[in-house]
Amino acid sequence: MRNIVTIFLKELKRFFTDRRMLSALFLPGIIIFIIYNFMGKMITSSVINTSISNVTFRIAYTDNYSSDISTKPLLLQVFDEYLKSDDSVNNTNNSASYYTFSTSSLEEYKEKTLKDEYDLLVVFSDNFESNLASNINPKRNTINFYYNGSSEVSSTLYTTVTNLVSATYNNYLVNYDLETNTEIKSNLSNEEAIFKTVIAFVFPMVTISLLFSTVMTICPETIAGEKERGTLASLLLTPCKRSEIIIGKIGALTITALLSGAVSFFALLGSLPQLIGGEFNFDAQTIVALFFLITSALILFVTIGILVSTLTSTVKEASSYISPFMIVSMVFAILPGVIDMSSIAYSFIPIINICIQMSSIIKGTFDFTNIAITIVINLVFTGLLVLLTAKLFNNEKVIFSR
């Protein structure tokens with residue numbers, strides 16, 4: 001055990017005192033953060049232009065908001081004042097027209113909104129304003145909005161009006177369905193789904209390639225580098241068993257991979273809101289699942305890299321053989337975007353399963369069972385590769401190949 005700890009600490013010291021190794025740990029995470037923020041901003045700026053003027057906003061609202069409906073809802077009165085102010089939407093020449101409808105006609109009005117007959121629907125719970133004034137059932141008062149996300153005017157109006165709600169009312173729920181106790185989908189357009197499909201196609205490919213860049217840097221040096229320098233032969237002359245040497249090296253690389261995975265994960269977490277258009281609504285379970293996907297993927301890639309490094313004689317040779325694995329992994333990353341891989345059977349295929357789950361998380365179609373199977377299968381596969389590497393390490397022809 002002491003020998004394993006010695007090898008383990010020796011490898012860690014080598015990693016953390018080598019600038020090139022340190023860059024391999026942190027650079028992928030930094031690049032992920034920069035690229036995904038840049039992609040998000042570019043995509044957003046290419047589809048959204050908030051310069052709106054000379055527009056009459058068409059707002060339809062339900063007629064059940066108060067026992068006295070002789071005046072408009074307070075929210076819309078506040079919006080009228082906002083349009084007259086210097087802070088108005090893009091400042092000049094915008095106005096609003098208002099229409100009422102009954103809650104029974106909601107589906108019809110949703111269709112009309114998708115056809116650009118209206119820009120925003122405001123749906124109140126029964127006696128919304130009267131209840132607020134009397135402080136009746138504050139948790140049962142809802143105000144829901146529906147808009148057309150493919151329309152620049154509708155999207156801008158939705159953002160503006162919802163920002164005014166908190167300044168107008170208290171003790172209410174917004175965009176919430178009391179019958180099902182779930183949040184409603186305000187965006188009636190499928191544009192968001194198309195946007196996420198595009199991101200889900202790109203996300204696994206970029207992430208996998210950046211994670212593999214860590215392997216390309218640290219793994220060739222681990223065994224092949226020591227063979228090339230002749231230090232491995234010297235290490236084998238020490239009292240350490242070969243199994244202790246390989247366990248120590250793999251242990252150090254695992255810790256290094258976990259650290260790199262953590263850096264990449266937090267960079268990913270920080271850039272996802274920008275990448276998916278600012279709507280970051282992942283719960284704690286999803287975040288934890290994404291973390292284990294990233295780290296298990298990196299550990300698997302590192303194990304593959306160690307195996308290749310063991311089978312080769314020089315750093316250059318090891319790097320040349322690891323590159324095809326990276327290319328194959330990137331091809332795997334494309335597959336979920338072009339082939340239906342929703343079957344649970346794909347969760348049992350290493351690397352492909354990681355790409356599928358990354359894509360499904362972005363789309364919001366993931367299943368925790370499939371994610372759990374993916375993580376377990378890749379860890380099992382990692383264990384098998386470790387055993388194979390340990391066995392090869394006892395082969396004289398492999399260790400002393402030149």
# chains A, B, ... in the order shown; residues from 1 in each chain; ligands from 1
>>> residues_around(residues="Arg14 of chain A", least_positions_apart="2", cutoff="12 Å", atoms="only C-alpha atoms", output="ChimeraX atom specification")
/A:7-12,16-22,218,221-222,226,249,252-253,256
>>> closest_atom_pairs(of="segment 247-272 of chain A", to="segment 386-395 of chain A", cutoff="12 Å", atoms="only C-alpha atoms", output="Markdown table")
| residue | atom | partner | partner_atom | distance |
| --- | --- | --- | --- | --- |
| A:Ile247 | CA | A:Ala390 | CA | 7.8 |
| A:Gly248 | CA | A:Ala390 | CA | 11.1 |
| A:Lys249 | CA | A:Ala390 | CA | 10.7 |
| A:Ile250 | CA | A:Val386 | CA | 7.9 |
| A:Gly251 | CA | A:Val386 | CA | 10.4 |
| A:Leu253 | CA | A:Val386 | CA | 11.7 |
| A:Thr254 | CA | A:Val386 | CA | 11.0 |
>>> write_last_selection(atoms="all heavy atoms", output="CSV table (one decimal), in the first residue's frame")
chain,number,residue,atom,x,y,z
A,247,ILE,N,-1.5,0.8,-10.5
A,247,ILE,CA,-2.6,1.2,-9.7
A,247,ILE,C,-2.4,2.7,-9.2
A,247,ILE,O,-3.3,3.5,-9.2
A,247,ILE,CB,-2.9,0.3,-8.4
A,247,ILE,CG1,-3.4,-1.0,-8.9
A,247,ILE,CG2,-3.8,1.0,-7.4
A,247,ILE,CD1,-3.5,-2.1,-7.8
A,248,GLY,N,-1.1,2.9,-8.8
A,248,GLY,CA,-0.7,4.3,-8.4
A,248,GLY,C,-0.9,5.3,-9.6
A,248,GLY,O,-1.4,6.4,-9.4
A,249,LYS,N,-0.5,4.9,-10.8
A,249,LYS,CA,-0.6,5.8,-11.9
A,249,LYS,C,-2.1,6.0,-12.3
A,249,LYS,O,-2.5,7.2,-12.5
A,249,LYS,CB,0.1,5.2,-13.1
A,249,LYS,CG,1.7,5.4,-13.0
A,249,LYS,CD,2.3,4.7,-14.3
A,249,LYS,CE,3.8,5.1,-14.3
A,249,LYS,NZ,4.1,6.5,-14.6
A,250,ILE,N,-2.8,5.0,-12.3
A,250,ILE,CA,-4.3,5.1,-12.7
A,250,ILE,C,-5.0,5.9,-11.6
A,250,ILE,O,-5.9,6.8,-11.9
A,250,ILE,CB,-4.9,3.7,-12.8
A,250,ILE,CG1,-4.4,3.1,-14.1
A,250,ILE,CG2,-6.4,3.8,-12.9
A,250,ILE,CD1,-4.9,1.6,-14.3
A,251,GLY,N,-4.6,5.7,-10.3
A,251,GLY,CA,-5.3,6.5,-9.3
A,251,GLY,C,-5.0,8.0,-9.4
A,251,GLY,O,-5.9,8.8,-9.3
A,253,LEU,N,-4.1,9.5,-12.2
A,253,LEU,CA,-4.8,10.0,-13.4
A,253,LEU,C,-6.3,10.2,-13.1
A,253,LEU,O,-7.0,11.1,-13.7
A,253,LEU,CB,-4.6,9.1,-14.5
A,253,LEU,CG,-3.3,9.3,-15.3
A,253,LEU,CD1,-3.1,8.2,-16.3
A,253,LEU,CD2,-3.3,10.6,-16.0
A,254,THR,N,-6.9,9.3,-12.3
A,254,THR,CA,-8.3,9.4,-12.0
A,254,THR,C,-8.6,10.7,-11.2
A,254,THR,O,-9.6,11.4,-11.6
A,254,THR,CB,-8.8,8.2,-11.2
A,254,THR,OG1,-8.5,7.0,-11.9
A,254,THR,CG2,-10.3,8.3,-10.8
>>> closest_residue(among="A:Ala133, A:Leu120, A:Leu379, A:Ile199", to="Tyr65 of chain A", atoms="only C-alpha atoms")
A:Ala133
>>> select_by_dssp(residues="segment 57-247 of chain A", states="strand (DSSP E or B)", output="ChimeraX atom specification")
/A:57-62,95-101,120-124,142-147,173-174,176-177,182-183,187
>>> closest_residue(among="A:Gly305, A:Gly270, A:Gly29, A:Pro239", to="Thr207 of chain A", atoms="only C-alpha atoms")
A:Gly29
>>> residues_around(residues="Ala267 of chain A", least_positions_apart="5", cutoff="12 Å", atoms="only C-alpha atoms", output="PyMOL selection string")
chain A and resi 26-37+207+260-262+272-275+291+294
>>> residues_around(residues="segment 328-341 of chain A", least_positions_apart="2", cutoff="6 Å", atoms="only C-alpha atoms", output="mmCIF file with all heavy atoms, in the first residue's frame")
data_model
loop_
_atom_site.group_PDB
_atom_site.id
_atom_site.type_symbol
_atom_site.label_atom_id
_atom_site.label_comp_id
_atom_site.auth_asym_id
_atom_site.auth_seq_id
_atom_site.Cartn_x
_atom_site.Cartn_y
_atom_site.Cartn_z
ATOM 1 N N PHE A 201 -27.691 19.067 -30.882
ATOM 2 C CA PHE A 201 -26.862 18.423 -31.903
ATOM 3 C C PHE A 201 -25.392 18.821 -31.737
ATOM 4 O O PHE A 201 -24.489 17.995 -31.853
ATOM 5 C CB PHE A 201 -27.363 18.819 -33.297
ATOM 6 C CG PHE A 201 -26.548 18.252 -34.424
ATOM 7 C CD1 PHE A 201 -26.719 16.935 -34.827
ATOM 8 C CD2 PHE A 201 -25.618 19.031 -35.088
ATOM 9 C CE1 PHE A 201 -25.969 16.408 -35.872
ATOM 10 C CE2 PHE A 201 -24.861 18.521 -36.131
ATOM 11 C CZ PHE A 201 -25.039 17.201 -36.523
ATOM 12 N N PRO A 204 -23.065 17.779 -27.590
ATOM 13 C CA PRO A 204 -22.223 16.607 -27.300
ATOM 14 C C PRO A 204 -20.922 16.608 -28.092
ATOM 15 O O PRO A 204 -19.868 16.236 -27.557
ATOM 16 C CB PRO A 204 -23.119 15.422 -27.709
ATOM 17 C CG PRO A 204 -24.496 15.953 -27.733
ATOM 18 C CD PRO A 204 -24.367 17.384 -28.150
ATOM 19 N N MET A 205 -20.971 17.035 -29.354
ATOM 20 C CA MET A 205 -19.782 16.995 -30.212
ATOM 21 C C MET A 205 -18.683 17.920 -29.680
ATOM 22 O O MET A 205 -17.523 17.517 -29.556
ATOM 23 C CB MET A 205 -20.163 17.400 -31.642
ATOM 24 C CG MET A 205 -19.012 17.319 -32.628
ATOM 25 S SD MET A 205 -19.583 17.539 -34.330
ATOM 26 C CE MET A 205 -20.389 19.138 -34.236
ATOM 27 N N PHE A 325 -9.491 7.501 -31.754
ATOM 28 C CA PHE A 325 -10.541 7.338 -30.747
ATOM 29 C C PHE A 325 -11.336 8.631 -30.591
ATOM 30 O O PHE A 325 -12.558 8.610 -30.412
ATOM 31 C CB PHE A 325 -9.930 6.933 -29.394
ATOM 32 C CG PHE A 325 -9.520 5.492 -29.317
ATOM 33 C CD1 PHE A 325 -8.199 5.126 -29.518
ATOM 34 C CD2 PHE A 325 -10.458 4.503 -29.045
ATOM 35 C CE1 PHE A 325 -7.812 3.799 -29.453
ATOM 36 C CE2 PHE A 325 -10.082 3.172 -28.978
ATOM 37 C CZ PHE A 325 -8.757 2.804 -29.181
ATOM 38 N N MET A 326 -10.632 9.745 -30.651
ATOM 39 C CA MET A 326 -11.301 11.044 -30.555
ATOM 40 C C MET A 326 -12.235 11.265 -31.745
ATOM 41 O O MET A 326 -13.369 11.728 -31.586
ATOM 42 C CB MET A 326 -10.258 12.162 -30.481
ATOM 43 C CG MET A 326 -10.844 13.556 -30.368
ATOM 44 S SD MET A 326 -9.547 14.814 -30.197
ATOM 45 C CE MET A 326 -10.546 16.311 -30.113
ATOM 46 N N SER A 343 -34.321 4.493 -27.587
ATOM 47 C CA SER A 343 -34.432 3.171 -26.957
ATOM 48 C C SER A 343 -33.439 3.039 -25.804
ATOM 49 O O SER A 343 -32.296 3.505 -25.883
ATOM 50 C CB SER A 343 -34.170 2.064 -27.981
ATOM 51 O OG SER A 343 -34.067 0.802 -27.336
ATOM 52 N N ILE A 352 -21.358 6.189 -26.804
ATOM 53 C CA ILE A 352 -22.597 6.592 -27.473
ATOM 54 C C ILE A 352 -23.639 7.001 -26.447
ATOM 55 O O ILE A 352 -24.346 7.992 -26.611
ATOM 56 C CB ILE A 352 -23.135 5.445 -28.368
ATOM 57 C CG1 ILE A 352 -22.250 5.283 -29.606
ATOM 58 C CG2 ILE A 352 -24.570 5.718 -28.792
ATOM 59 C CD1 ILE A 352 -22.708 4.204 -30.550
ATOM 60 N N CYS A 355 -23.191 10.541 -25.180
ATOM 61 C CA CYS A 355 -23.631 11.537 -26.164
ATOM 62 C C CYS A 355 -25.155 11.651 -26.190
ATOM 63 O O CYS A 355 -25.707 12.757 -26.273
ATOM 64 C CB CYS A 355 -23.111 11.170 -27.551
ATOM 65 S SG CYS A 355 -21.309 11.022 -27.642
ATOM 66 N N ILE A 356 -25.826 10.515 -26.124
ATOM 67 C CA ILE A 356 -27.294 10.506 -26.139
ATOM 68 C C ILE A 356 -27.846 11.254 -24.931
ATOM 69 O O ILE A 356 -28.755 12.077 -25.050
ATOM 70 C CB ILE A 356 -27.828 9.059 -26.156
ATOM 71 C CG1 ILE A 356 -27.475 8.372 -27.474
ATOM 72 C CG2 ILE A 356 -29.341 9.036 -25.939
ATOM 73 C CD1 ILE A 356 -27.767 6.878 -27.471
#
>>> closest_residue(among="A:Ser313, A:Ser66, A:Leu132, A:Leu164", to="Leu232 of chain A", atoms="only C-alpha atoms")
A:Ser313
>>> residues_around(residues="Thr142 of chain A", least_positions_apart="6", cutoff="12 Å", atoms="only C-alpha atoms", output="list in words")
Asn64, Tyr65, Val122, Val123, Phe124, Ser125, Asp126, Asn127, Phe128, Glu129, Asn131, Leu132, Val165, Tyr169, Asn170, Asn171, Tyr172, Leu173, Val174, Asn175, Tyr176, Asp177, Leu178, Glu179, Asn181, Glu183 and Ile184 of chain A
>>> atom_distance(atom1="atom CA of Thr286 of chain A", atom2="atom CA of Met358 of chain A")
10.8 Å
>>> select_by_dssp(residues="segment 283-355 of chain A", states="alpha helix (DSSP H)", output="ChimeraX atom specification")
/A:284-311,315-338,352-355
>>> residues_around(residues="segment 73-79 of chain A", least_positions_apart="4", cutoff="7 Å", atoms="only C-alpha atoms", output="PyMOL selection string")
chain A and resi 83+161+165+168
>>> residues_around(residues="Val315 of chain A", least_positions_apart="2", cutoff="12 Å", atoms="only C-alpha atoms", output="PyMOL selection string")
chain A and resi 216-229+305-306+308-313+317-322+402
>>> atom_distance(atom1="atom CA of Phe212 of chain A", atom2="atom CA of Leu298 of chain A")
7.4 Å
>>> closest_residue(among="A:Thr214, A:Ser130, A:Ser347, A:Ser23", to="Ile373 of chain A", atoms="only C-alpha atoms")
A:Ser347
>>> atom_distance(atom1="atom CA of Val202 of chain A", atom2="atom CA of Ser359 of chain A")
8.6 Å
>>> closest_residue(among="A:Lys13, A:Lys110, A:Lys84, A:Lys241", to="Ala60 of chain A", atoms="only C-alpha atoms")
A:Lys110
>>> decode(residues="segment 247-381 of chain A", atoms="C-alpha atoms", output="PDB file, in the first residue's frame")
ATOM      1  CA  ILE A 247      -2.642   1.245  -9.663  1.00  0.00           C
ATOM      2  CA  GLY A 248      -0.748   4.303  -8.433  1.00  0.00           C
ATOM      3  CA  LYS A 249      -0.599   5.798 -11.920  1.00  0.00           C
ATOM      4  CA  ILE A 250      -4.259   5.099 -12.664  1.00  0.00           C
ATOM      5  CA  GLY A 251      -5.272   6.469  -9.251  1.00  0.00           C
ATOM      6  CA  ALA A 252      -3.388   9.722  -9.872  1.00  0.00           C
ATOM      7  CA  LEU A 253      -4.828  10.036 -13.370  1.00  0.00           C
ATOM      8  CA  THR A 254      -8.325   9.380 -12.012  1.00  0.00           C
ATOM      9  CA  ILE A 255      -7.987  12.206  -9.484  1.00  0.00           C
ATOM     10  CA  THR A 256      -6.589  14.435 -12.214  1.00  0.00           C
ATOM     11  CA  ALA A 257      -9.453  13.506 -14.538  1.00  0.00           C
ATOM     12  CA  LEU A 258     -12.027  14.183 -11.801  1.00  0.00           C
ATOM     13  CA  LEU A 259     -10.507  17.601 -11.159  1.00  0.00           C
ATOM     14  CA  SER A 260     -10.518  18.408 -14.853  1.00  0.00           C
ATOM     15  CA  GLY A 261     -14.095  17.103 -15.102  1.00  0.00           C
ATOM     16  CA  ALA A 262     -15.170  19.314 -12.197  1.00  0.00           C
ATOM     17  CA  VAL A 263     -13.609  22.385 -13.846  1.00  0.00           C
ATOM     18  CA  SER A 264     -15.288  21.556 -17.159  1.00  0.00           C
ATOM     19  CA  PHE A 265     -18.612  20.897 -15.405  1.00  0.00           C
ATOM     20  CA  PHE A 266     -18.715  24.220 -13.568  1.00  0.00           C
ATOM     21  CA  ALA A 267     -17.680  26.026 -16.749  1.00  0.00           C
ATOM     22  CA  LEU A 268     -20.485  24.200 -18.541  1.00  0.00           C
ATOM     23  CA  LEU A 269     -22.956  25.078 -15.793  1.00  0.00           C
ATOM     24  CA  GLY A 270     -21.959  28.716 -16.013  1.00  0.00           C
ATOM     25  CA  SER A 271     -22.373  28.888 -19.784  1.00  0.00           C
ATOM     26  CA  LEU A 272     -25.566  26.823 -20.223  1.00  0.00           C
ATOM     27  CA  PRO A 273     -27.990  29.694 -19.477  1.00  0.00           C
ATOM     28  CA  GLN A 274     -26.466  31.715 -22.310  1.00  0.00           C
ATOM     29  CA  LEU A 275     -26.271  28.679 -24.598  1.00  0.00           C
ATOM     30  CA  ILE A 276     -29.938  27.721 -24.235  1.00  0.00           C
ATOM     31  CA  GLY A 277     -31.264  31.249 -24.397  1.00  0.00           C
ATOM     32  CA  GLY A 278     -31.244  32.232 -20.736  1.00  0.00           C
ATOM     33  CA  GLU A 279     -33.873  29.684 -19.659  1.00  0.00           C
ATOM     34  CA  PHE A 280     -31.890  27.634 -17.172  1.00  0.00           C
ATOM     35  CA  ASN A 281     -34.458  25.564 -15.281  1.00  0.00           C
ATOM     36  CA  PHE A 282     -32.505  22.405 -14.420  1.00  0.00           C
ATOM     37  CA  ASP A 283     -33.308  21.005 -10.991  1.00  0.00           C
ATOM     38  CA  ALA A 284     -30.686  19.687  -8.547  1.00  0.00           C
ATOM     39  CA  GLN A 285     -31.076  16.088  -9.756  1.00  0.00           C
ATOM     40  CA  THR A 286     -30.431  17.070 -13.363  1.00  0.00           C
ATOM     41  CA  ILE A 287     -27.352  19.079 -12.392  1.00  0.00           C
ATOM     42  CA  VAL A 288     -25.963  16.129 -10.400  1.00  0.00           C
ATOM     43  CA  ALA A 289     -26.696  13.770 -13.311  1.00  0.00           C
ATOM     44  CA  LEU A 290     -24.884  16.091 -15.727  1.00  0.00           C
ATOM     45  CA  PHE A 291     -21.894  16.252 -13.363  1.00  0.00           C
ATOM     46  CA  PHE A 292     -21.587  12.471 -13.193  1.00  0.00           C
ATOM     47  CA  LEU A 293     -21.994  12.200 -16.969  1.00  0.00           C
ATOM     48  CA  ILE A 294     -19.117  14.641 -17.531  1.00  0.00           C
ATOM     49  CA  THR A 295     -16.804  13.034 -14.970  1.00  0.00           C
ATOM     50  CA  SER A 296     -17.600   9.428 -15.941  1.00  0.00           C
ATOM     51  CA  ALA A 297     -16.980  10.322 -19.601  1.00  0.00           C
ATOM     52  CA  LEU A 298     -13.619  11.874 -18.780  1.00  0.00           C
ATOM     53  CA  ILE A 299     -12.535   8.933 -16.601  1.00  0.00           C
ATOM     54  CA  LEU A 300     -13.472   6.535 -19.410  1.00  0.00           C
ATOM     55  CA  PHE A 301     -11.529   8.576 -21.977  1.00  0.00           C
ATOM     56  CA  VAL A 302      -8.498   8.731 -19.671  1.00  0.00           C
ATOM     57  CA  THR A 303      -8.604   4.957 -19.173  1.00  0.00           C
ATOM     58  CA  ILE A 304      -8.649   4.448 -22.949  1.00  0.00           C
ATOM     59  CA  GLY A 305      -5.694   6.825 -23.197  1.00  0.00           C
ATOM     60  CA  ILE A 306      -3.727   4.905 -20.539  1.00  0.00           C
ATOM     61  CA  LEU A 307      -4.363   1.638 -22.382  1.00  0.00           C
ATOM     62  CA  VAL A 308      -3.076   3.130 -25.655  1.00  0.00           C
ATOM     63  CA  SER A 309      -0.090   4.637 -23.843  1.00  0.00           C
ATOM     64  CA  THR A 310       0.754   1.208 -22.408  1.00  0.00           C
ATOM     65  CA  LEU A 311       0.658  -0.429 -25.841  1.00  0.00           C
ATOM     66  CA  THR A 312       2.893   2.185 -27.521  1.00  0.00           C
ATOM     67  CA  SER A 313       6.562   3.105 -27.169  1.00  0.00           C
ATOM     68  CA  THR A 314       6.732   6.877 -27.692  1.00  0.00           C
ATOM     69  CA  VAL A 315       4.617   9.911 -26.920  1.00  0.00           C
ATOM     70  CA  LYS A 316       4.209  10.656 -30.630  1.00  0.00           C
ATOM     71  CA  GLU A 317       3.039   7.112 -31.342  1.00  0.00           C
ATOM     72  CA  ALA A 318       0.593   7.193 -28.423  1.00  0.00           C
ATOM     73  CA  SER A 319      -0.857  10.530 -29.568  1.00  0.00           C
ATOM     74  CA  SER A 320      -1.285   9.248 -33.119  1.00  0.00           C
ATOM     75  CA  TYR A 321      -3.221   6.194 -31.893  1.00  0.00           C
ATOM     76  CA  ILE A 322      -5.397   8.176 -29.461  1.00  0.00           C
ATOM     77  CA  SER A 323      -6.497  10.589 -32.222  1.00  0.00           C
ATOM     78  CA  PRO A 324      -8.692   8.003 -34.026  1.00  0.00           C
ATOM     79  CA  PHE A 325     -10.541   7.338 -30.747  1.00  0.00           C
ATOM     80  CA  MET A 326     -11.301  11.044 -30.555  1.00  0.00           C
ATOM     81  CA  ILE A 327     -12.589  11.084 -34.139  1.00  0.00           C
ATOM     82  CA  VAL A 328     -14.784   8.024 -33.519  1.00  0.00           C
ATOM     83  CA  SER A 329     -16.162   9.619 -30.337  1.00  0.00           C
ATOM     84  CA  MET A 330     -17.066  12.771 -32.259  1.00  0.00           C
ATOM     85  CA  VAL A 331     -18.869  10.654 -34.859  1.00  0.00           C
ATOM     86  CA  PHE A 332     -20.769   8.997 -32.004  1.00  0.00           C
ATOM     87  CA  ALA A 333     -21.648  12.487 -30.727  1.00  0.00           C
ATOM     88  CA  ILE A 334     -23.341  13.312 -34.053  1.00  0.00           C
ATOM     89  CA  LEU A 335     -25.499  10.177 -34.130  1.00  0.00           C
ATOM     90  CA  PRO A 336     -28.211  11.286 -31.622  1.00  0.00           C
ATOM     91  CA  GLY A 337     -28.954  14.228 -33.926  1.00  0.00           C
ATOM     92  CA  VAL A 338     -29.517  12.098 -37.028  1.00  0.00           C
ATOM     93  CA  ILE A 339     -30.801   8.761 -35.691  1.00  0.00           C
ATOM     94  CA  ASP A 340     -33.605   7.954 -33.262  1.00  0.00           C
ATOM     95  CA  MET A 341     -31.723   6.660 -30.209  1.00  0.00           C
ATOM     96  CA  SER A 342     -34.499   6.921 -27.642  1.00  0.00           C
ATOM     97  CA  SER A 343     -34.432   3.171 -26.957  1.00  0.00           C
ATOM     98  CA  ILE A 344     -33.009   2.193 -23.572  1.00  0.00           C
ATOM     99  CA  ALA A 345     -30.787  -0.348 -25.368  1.00  0.00           C
ATOM    100  CA  TYR A 346     -28.453   2.461 -26.486  1.00  0.00           C
ATOM    101  CA  SER A 347     -27.743   3.241 -22.824  1.00  0.00           C
ATOM    102  CA  PHE A 348     -25.676   0.049 -22.703  1.00  0.00           C
ATOM    103  CA  ILE A 349     -23.232   1.156 -25.436  1.00  0.00           C
ATOM    104  CA  PRO A 350     -20.209   3.031 -24.005  1.00  0.00           C
ATOM    105  CA  ILE A 351     -19.499   6.572 -25.246  1.00  0.00           C
ATOM    106  CA  ILE A 352     -22.597   6.592 -27.473  1.00  0.00           C
ATOM    107  CA  ASN A 353     -24.738   6.524 -24.341  1.00  0.00           C
ATOM    108  CA  ILE A 354     -22.936   9.601 -22.965  1.00  0.00           C
ATOM    109  CA  CYS A 355     -23.631  11.537 -26.164  1.00  0.00           C
ATOM    110  CA  ILE A 356     -27.294  10.506 -26.139  1.00  0.00           C
ATOM    111  CA  GLN A 357     -27.814  11.597 -22.537  1.00  0.00           C
ATOM    112  CA  MET A 358     -26.051  14.946 -23.055  1.00  0.00           C
ATOM    113  CA  SER A 359     -28.319  15.621 -26.018  1.00  0.00           C
ATOM    114  CA  SER A 360     -31.465  14.559 -24.130  1.00  0.00           C
ATOM    115  CA  ILE A 361     -30.631  16.840 -21.176  1.00  0.00           C
ATOM    116  CA  ILE A 362     -30.458  19.867 -23.482  1.00  0.00           C
ATOM    117  CA  LYS A 363     -33.746  18.876 -25.141  1.00  0.00           C
ATOM    118  CA  GLY A 364     -35.371  18.220 -21.776  1.00  0.00           C
ATOM    119  CA  THR A 365     -36.330  14.665 -22.813  1.00  0.00           C
ATOM    120  CA  PHE A 366     -33.940  12.785 -20.524  1.00  0.00           C
ATOM    121  CA  ASP A 367     -34.839   9.872 -18.267  1.00  0.00           C
ATOM    122  CA  PHE A 368     -32.983   9.372 -14.982  1.00  0.00           C
ATOM    123  CA  THR A 369     -33.048   5.595 -15.446  1.00  0.00           C
ATOM    124  CA  ASN A 370     -31.194   5.883 -18.759  1.00  0.00           C
ATOM    125  CA  ILE A 371     -28.706   8.310 -17.228  1.00  0.00           C
ATOM    126  CA  ALA A 372     -28.062   5.940 -14.306  1.00  0.00           C
ATOM    127  CA  ILE A 373     -27.542   2.998 -16.696  1.00  0.00           C
ATOM    128  CA  THR A 374     -25.172   5.136 -18.797  1.00  0.00           C
ATOM    129  CA  ILE A 375     -23.012   6.072 -15.806  1.00  0.00           C
ATOM    130  CA  VAL A 376     -22.893   2.513 -14.443  1.00  0.00           C
ATOM    131  CA  ILE A 377     -22.096   0.950 -17.834  1.00  0.00           C
ATOM    132  CA  ASN A 378     -19.263   3.378 -18.498  1.00  0.00           C
ATOM    133  CA  LEU A 379     -17.801   2.851 -15.033  1.00  0.00           C
ATOM    134  CA  VAL A 380     -17.957  -0.924 -15.548  1.00  0.00           C
ATOM    135  CA  PHE A 381     -16.287  -0.547 -18.937  1.00  0.00           C
TER     136      PHE A 381
END
